[in-house]
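Student: Got a structure here, written out as structure tokens. Questions coming.
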Amino acid sequence: MTTWYAQAIGAHLSETDRWNSIPSGTGEFLDIDAGGLGINDIICANGKTSLIIDRDVTCARISNGFEGTGIVNGNFFVQEDHTLNCDIKTGSATCLILSSSEIPFTVTINGTIYGATSGSSVYAVHQGIRASVVINGNIIGTTSMPSFSSHSVYINNPIGTAIITGNIIGGSGSSCTGVYVYATGATTIYGNITGGQMSAGVWIAATGPCTIRNGTISGGTMATAYGINLNTGAACYCQNTNFITTAAPFAHGAVLNTDGCNSSNFVGIGNSVFGFRLAPTEVLKGVNHAGLVGTLAAASPFRRLNRLV
């Protein structure tokens, strides 16, 4: 196993004098086109930014986290069709950015994606302009409590689509979801979704269609650690899913994020136990529903009689 450390800002993976087995550059250089990258090797940003993945990759992981004596952070870009057969490991800065100013493209990631160890607004994978992404692997939320809004996968695709097949677990920090969907393109998720210690497994704030299939959706260990958190104006279609709750207050399989939403925003829910939490204004006054007390006034008993007059 060899860790290959970036030696320059903007280095392309195909460049033969930009990736070295020693962080300082005094070791062996990588020639990926000559078969120099092994299946157990690591590609490390070594603190360098704007690194370009311009080849298909099969290795242990792409990382901007702590790797040996290398420098933490830096970032990688993918700007064209490529397949990454590896894990993604994140430090305290966004690791892998999928974005192009030119033509639409698709990146396939076959591996586990790990959220940030610290920091705010840090993403392991950020799907951006003109990118579509296919992820075959589990997605693990952040493990660091100080992190805020650091999502393991941030779907922000105005044009492309996202297809995720794997289990998703929310993070430990505040608003640190496994997957945050803020997109106009279509997003489809196949697999189980579980809330983390403090954050939802999946947070949907998208105007584009979002579909979740073939999984169990469950809450995490603390209040608001929902399996799915649905934002105002968003919608989610659920097919062949099982929603369950946990012992934690409000840590349900799915929840509507604001009182402005209602249960019709979730379509196709079945087999749910508190699968979603209604707003107080949608529950009869005085009735306790999932820890909330309803405020909806009961209809007048004379209402039906008045129609006959």
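Labels for the structure tokens follow display order: chains A, B, ..., residues from 1 in each chain, ligands from 1.
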What's the 8 Å shell around stretch 19-33 of chain A, counting only C-alpha atoms, without same-chain residues fewer than 6 positions away, as a ChimeraX atom specification?
Tutor: /A:2-7,13,46,69-71
Student: Using DSSP on the backbone coordinates, identify all residues within stretch 32-172 of chain A classified as strand (DSSP E); present the result as a PyMOL selection string.
Tutor: chain A and resi 42-44+51-52+57-63+76-78+82-89+96-98+105-110+113-114+125-127+131-136+139-140+153-155+162-165+168-169
Student: Those same residues, written as a compact mmCIF listing (two decimals), in the first residue's frame with C-alpha atoms?
Tutor:
```
# COMPACT_ATOMS: atom_id res chain seq x y z
CA ILE A 42 -4.44 6.14 -1.20
CA ILE A 43 -4.67 9.41 -3.12
CA CYS A 44 -4.09 12.26 -0.66
CA LEU A 51 -6.62 18.89 -7.82
CA ILE A 52 -8.09 17.31 -10.96
CA VAL A 57 -9.62 5.39 -10.35
CA THR A 58 -9.43 2.06 -8.54
CA CYS A 59 -7.75 2.34 -5.15
CA ALA A 60 -8.50 2.28 -1.42
CA ARG A 61 -9.64 5.89 -1.10
CA ILE A 62 -9.41 9.51 -2.17
CA SER A 63 -8.75 11.61 0.90
CA PHE A 76 -10.33 17.42 -5.67
CA PHE A 77 -12.43 18.22 -8.76
CA VAL A 78 -14.01 15.90 -11.31
CA HIS A 82 -15.25 9.08 -14.65
CA THR A 83 -15.68 6.05 -12.40
CA LEU A 84 -14.13 6.12 -8.93
CA ASN A 85 -13.84 2.67 -7.39
CA CYS A 86 -12.80 3.83 -3.94
CA ASP A 87 -13.93 5.33 -0.65
CA ILE A 88 -14.04 9.08 -0.04
CA LYS A 89 -12.55 10.31 3.26
CA LEU A 96 -14.58 16.02 -3.81
CA ILE A 97 -16.37 18.57 -6.02
CA LEU A 98 -18.24 17.52 -9.16
CA PHE A 105 -21.18 14.69 -17.28
CA THR A 106 -21.66 11.73 -14.93
CA VAL A 107 -19.44 10.50 -12.12
CA THR A 108 -19.90 7.02 -10.63
CA ILE A 109 -18.57 6.39 -7.12
CA ASN A 110 -18.35 2.78 -5.97
CA ILE A 113 -18.39 8.03 1.69
CA TYR A 114 -17.33 9.38 5.09
CA VAL A 125 -18.97 14.94 -2.09
CA HIS A 126 -20.48 18.13 -3.52
CA GLN A 127 -22.49 17.57 -6.68
CA ALA A 131 -22.90 17.02 -12.85
CA SER A 132 -24.86 13.81 -12.44
CA VAL A 133 -23.73 11.32 -9.84
CA VAL A 134 -24.26 7.61 -9.24
CA ILE A 135 -23.21 6.39 -5.79
CA ASN A 136 -23.04 2.68 -5.03
CA ILE A 139 -22.87 7.16 3.23
CA ILE A 140 -21.79 7.93 6.80
CA VAL A 153 -23.15 14.23 0.26
CA TYR A 154 -24.54 17.58 -0.88
CA ILE A 155 -26.83 17.24 -3.91
CA ALA A 162 -28.43 11.72 -8.51
CA ILE A 163 -28.91 7.98 -7.91
CA ILE A 164 -27.76 6.54 -4.58
CA THR A 165 -27.80 2.83 -3.77
CA ILE A 168 -27.33 6.35 4.77
CA ILE A 169 -26.64 7.42 8.37
```
Student: Quick one: everything within 6 Å of A:Ala225, counting only C-alpha atoms, minus sequence neighbours fewer than 5 positions away in the same chain. Send it as a VMD selection string.
Tutor: chain A and resid 195 to 196 198 to 200 219 to 220 251
Student: Nearest residue to A:Ser14 out of A:Cys236, A:Ile244, A:Ala34, A:Val72, using only C-alpha atoms?
Tutor: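 Checking each candidate against A:Ser14, we get A:Ala34 as the closest.
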